[in-house]
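Visitor: Have a look at this one.
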Amino acid sequence: MTELNPFSHCRPAPFWLEDAPLRVGDAGALPKAADLVVIGSGYTGLAAGIEAARGGMSVLVLDRGVIGAGCSTRNGGQVGSSIRPELGKLTTRHGEALAKRIRDEGYAALAHVQDLITANRIDCDWRRTGRYMAAHSPKQYEGLERLAEARRRAGEPEITPVPQSDQLRELGSDRYFGGAVSPFNGAVHPAKLHAGLLRVAEALGVTVQGGREVTGIRRDGVGFTVAVGSATVAARQVLIATNGYTGPLSPWLQRRVIPIGSYMLATEPLAPDVAARLIPQGRMVVDTRRVVIYFRMSPDGRRLIFGGRAALSETDPTRSLPRLYQMMLEVFPHLAGTPVTHSWNGFVAYTFDELPHIGVQDGLHYAMGYCGSGISLSLYYGMRAGQQILGRAEGATALDGLQFQTRPLYYGTPWFLASSVAWYRFADRFFA
């Protein structure tokens, strides 16, 4: 089925919420005190709350919006090996030993996702699908071949190059010049995963409340007083877990994370023969461009979920939809005219060193900056943050003590983003 206007029935909402709607309702009475107050009700906050509650702490999770309305229910559902810089780059920065530990934690984070889902019986369409990295130029395919060899020499989980002549077994498109398969990556339904974490947290006694904006935090003896509107909560410990939605509550953190909007669409259910040809092995797909695009099939295999940076500056997803749709057609031109049912965006948090960060600043714990690999990293470092708050040795990470960098003149609004995206698009086209 095709239409003259493929957007005429498009909903400006995440596709994932069709199966796992957010909980909206009365937050209930605000507790007067808690051992741990967590700010942010996404994966990080819930994972930390679960760990702290299992350790015997009373936990209050607060969110200024609807519980889970941030990127935890707005992402693409791709679960990767997480740490973005490759071993060589990290070795140059931090030395071989620490670089290896950091990379190993990325793989540990991926394994933790499956363990968490299995142990807590979370129904979230988890599958170890593997990921196909599609080379957008011959030069990038050669780079993937070198990457495969470098990972093999380093003893990391291997990736397998796929030459262009064999690409149709992975991708029903001739847009790319081959690619590489990373077999250990996976997929989830992100909103179902969040709903499962919320269920686990509340079963452990964690209080989770939306519509509760924290407006201030001040030291009060050995603990903190957390201002929530006109009320206050006494807290022994505080964790800030706001990632791409970090605001002026902590100017220090706001200067260190770069919120970047990623835009997504979901097509209507496709004809079975059309859907089967798009991604024959059912993998998660990313490409090698600096301004990356990513896509997958929905858990039932009927829809294409397609995402990327569709605008130079942040905008309403309905305004960026025509551009994003055109990006989809550049990969799959035969989908021209296919109606779109959902269009949405979410904010990821990048950092200046491309690494996540976990630590303590002025007595406040934080974990954030997942650089687009938020599912595995947020669950893993949320857990570790909970362990650190409990004072447990197993909470130690390879990132502890790393400088959380900022830049001069950066105060939380990425004024440089539009020009950077424009340059990267130019480089992807002409210097690939």
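Ligands are numbered from 1 in the order shown, residues from 1 within each chain, and chains are lettered A, B, ... in the order they appear in the structure tokens.
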Restrict the calculation to only C-alpha atoms, then for each residue of segment 47-100 of chain A with any atom at most 8 Å from an atom of segment 174-186 of chain A give the closest atom pair and their distance in Å to one decimal, rows by chain and rising residue number, as a tab-separated table.

Guide:
residue	atom	partner	partner_atom	distance
A:Gln78	CA	A:Gly186	CA	6.2
A:Val79	CA	A:Gly186	CA	4.9
A:Gly80	CA	A:Asn185	CA	5.0
A:Ser81	CA	A:Asn185	CA	6.5

Visitor: DSSP on the backbone: what in segment 26-272 of chain A comes out alpha helix (DSSP H), as JSON, numbers by chain?

Guide: {"A": [43, 44, 45, 46, 47, 48, 49, 50, 51, 52, 53, 54, 87, 88, 89, 90, 91, 92, 93, 94, 96, 97, 98, 99, 100, 101, 102, 103, 104, 105, 106, 107, 108, 109, 110, 111, 112, 113, 114, 115, 116, 117, 118, 119, 138, 139, 140, 141, 142, 143, 144, 145, 146, 147, 148, 149, 150, 151, 152, 153, 154, 190, 191, 192, 193, 194, 195, 196, 197, 198, 199, 200, 201, 202, 203, 251, 252, 253, 254, 272]}

Visitor: For segment 414-428 of chain A, please output as a PDB file with N, CA and C atoms, in the first residue's frame all residues within 9 Å (counting only C-alpha atoms; exclusion window: fewer than 4 positions along the same chain).

Guide:
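Just written: part30.pdb:
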ATOM      1  N   HIS A 136      30.027   2.885   4.012  1.00  0.00           N
ATOM      2  CA  HIS A 136      29.425   3.809   3.053  1.00  0.00           C
ATOM      3  C   HIS A 136      30.386   4.209   1.936  1.00  0.00           C
ATOM      4  N   SER A 137      31.602   3.661   1.926  1.00  0.00           N
ATOM      5  CA  SER A 137      32.554   3.907   0.843  1.00  0.00           C
ATOM      6  C   SER A 137      33.543   2.747   0.808  1.00  0.00           C
ATOM      7  N   ILE A 258      27.041  16.545  26.274  1.00  0.00           N
ATOM      8  CA  ILE A 258      26.553  17.247  25.095  1.00  0.00           C
ATOM      9  C   ILE A 258      25.259  16.570  24.648  1.00  0.00           C
ATOM     10  N   PRO A 259      24.100  17.190  24.876  1.00  0.00           N
ATOM     11  CA  PRO A 259      22.848  16.560  24.444  1.00  0.00           C
ATOM     12  C   PRO A 259      22.693  16.650  22.933  1.00  0.00           C
ATOM     13  N   ILE A 260      22.460  15.517  22.306  1.00  0.00           N
ATOM     14  CA  ILE A 260      22.305  15.467  20.851  1.00  0.00           C
ATOM     15  C   ILE A 260      21.034  14.690  20.537  1.00  0.00           C
ATOM     16  N   THR A 288      28.925   3.520   8.606  1.00  0.00           N
ATOM     17  CA  THR A 288      30.230   4.028   9.027  1.00  0.00           C
ATOM     18  C   THR A 288      30.369   5.536   8.886  1.00  0.00           C
ATOM     19  N   ARG A 289      29.291   6.211   8.556  1.00  0.00           N
ATOM     20  CA  ARG A 289      29.383   7.667   8.425  1.00  0.00           C
ATOM     21  C   ARG A 289      29.591   8.334   9.788  1.00  0.00           C
ATOM     22  N   ARG A 290      30.210   9.506   9.759  1.00  0.00           N
ATOM     23  CA  ARG A 290      30.339  10.292  10.983  1.00  0.00           C
ATOM     24  C   ARG A 290      28.966  10.701  11.498  1.00  0.00           C
ATOM     25  N   VAL A 291      28.094  11.118  10.584  1.00  0.00           N
ATOM     26  CA  VAL A 291      26.698  11.377  10.927  1.00  0.00           C
ATOM     27  C   VAL A 291      25.957  10.072  10.678  1.00  0.00           C
ATOM     28  N   ARG A 309      20.576  11.413  12.438  1.00  0.00           N
ATOM     29  CA  ARG A 309      20.594  12.847  12.677  1.00  0.00           C
ATOM     30  C   ARG A 309      20.009  13.525  11.452  1.00  0.00           C
ATOM     31  N   ALA A 311      18.594  16.609  11.188  1.00  0.00           N
ATOM     32  CA  ALA A 311      18.567  18.070  11.150  1.00  0.00           C
ATOM     33  C   ALA A 311      19.886  18.613  11.677  1.00  0.00           C
ATOM     34  N   LEU A 312      20.275  19.786  11.187  1.00  0.00           N
ATOM     35  CA  LEU A 312      21.497  20.410  11.704  1.00  0.00           C
ATOM     36  C   LEU A 312      21.307  20.854  13.138  1.00  0.00           C
ATOM     37  N   SER A 313      20.176  21.496  13.418  1.00  0.00           N
ATOM     38  CA  SER A 313      19.849  21.942  14.766  1.00  0.00           C
ATOM     39  C   SER A 313      18.648  21.160  15.267  1.00  0.00           C
ATOM     40  N   GLU A 314      18.458  21.162  16.588  1.00  0.00           N
ATOM     41  CA  GLU A 314      17.339  20.418  17.145  1.00  0.00           C
ATOM     42  C   GLU A 314      16.019  21.004  16.654  1.00  0.00           C
ATOM     43  N   TYR A 410      31.808  26.313  26.901  1.00  0.00           N
ATOM     44  CA  TYR A 410      30.688  25.376  26.827  1.00  0.00           C
ATOM     45  C   TYR A 410      29.988  25.331  28.176  1.00  0.00           C
ATOM     46  N   ALA A 432      35.300  10.399   2.309  1.00  0.00           N
ATOM     47  CA  ALA A 432      35.045   9.070   2.862  1.00  0.00           C
ATOM     48  C   ALA A 432      36.059   8.070   2.356  1.00  0.00           C
TER      49      ALA A 432
END

Visitor: Tell me, as an MDAnalysis selection string, which residues lie within 8 Å of Val214 of chain A, counting only C-alpha atoms; anything in the same chain fewer than 5 positions away does not count.

Guide: chainID A and resid 39 62:64 226:229 249

Visitor: Would you export the selected residues with C-alpha atoms as a tab-separated table (two decimals), in the first residue's frame, please?

Guide:
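Output below, filename part-v2.tsv:
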chain	number	residue	atom	x	y	z
A	39	ILE	CA	17.31	12.06	39.97
A	62	LEU	CA	12.38	11.30	41.06
A	63	ASP	CA	11.78	12.59	37.54
A	64	ARG	CA	10.58	16.00	36.44
A	226	VAL	CA	16.76	17.84	48.14
A	227	ALA	CA	14.28	20.54	47.14
A	228	VAL	CA	11.31	19.22	45.18
A	229	GLY	CA	9.09	22.14	44.33
A	249	LEU	CA	20.50	21.49	38.59

Visitor: Between A:Leu17, A:Val257, A:Val233, A:Ala393, which one has atoms that come closest to Asp220 of chain A, using only C-alpha atoms?

Guide: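 Among the listed residues, A:Val233 lies closest to Asp220 of chain A.
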
Visitor: For a quick check of understanding, using only C-alpha atoms, which of A:Gly205, A:Pro163, A:Gly282, A:Pro272 has the smallest distance to Arg54 of chain A?

Guide: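 Closest candidate: A:Gly205.
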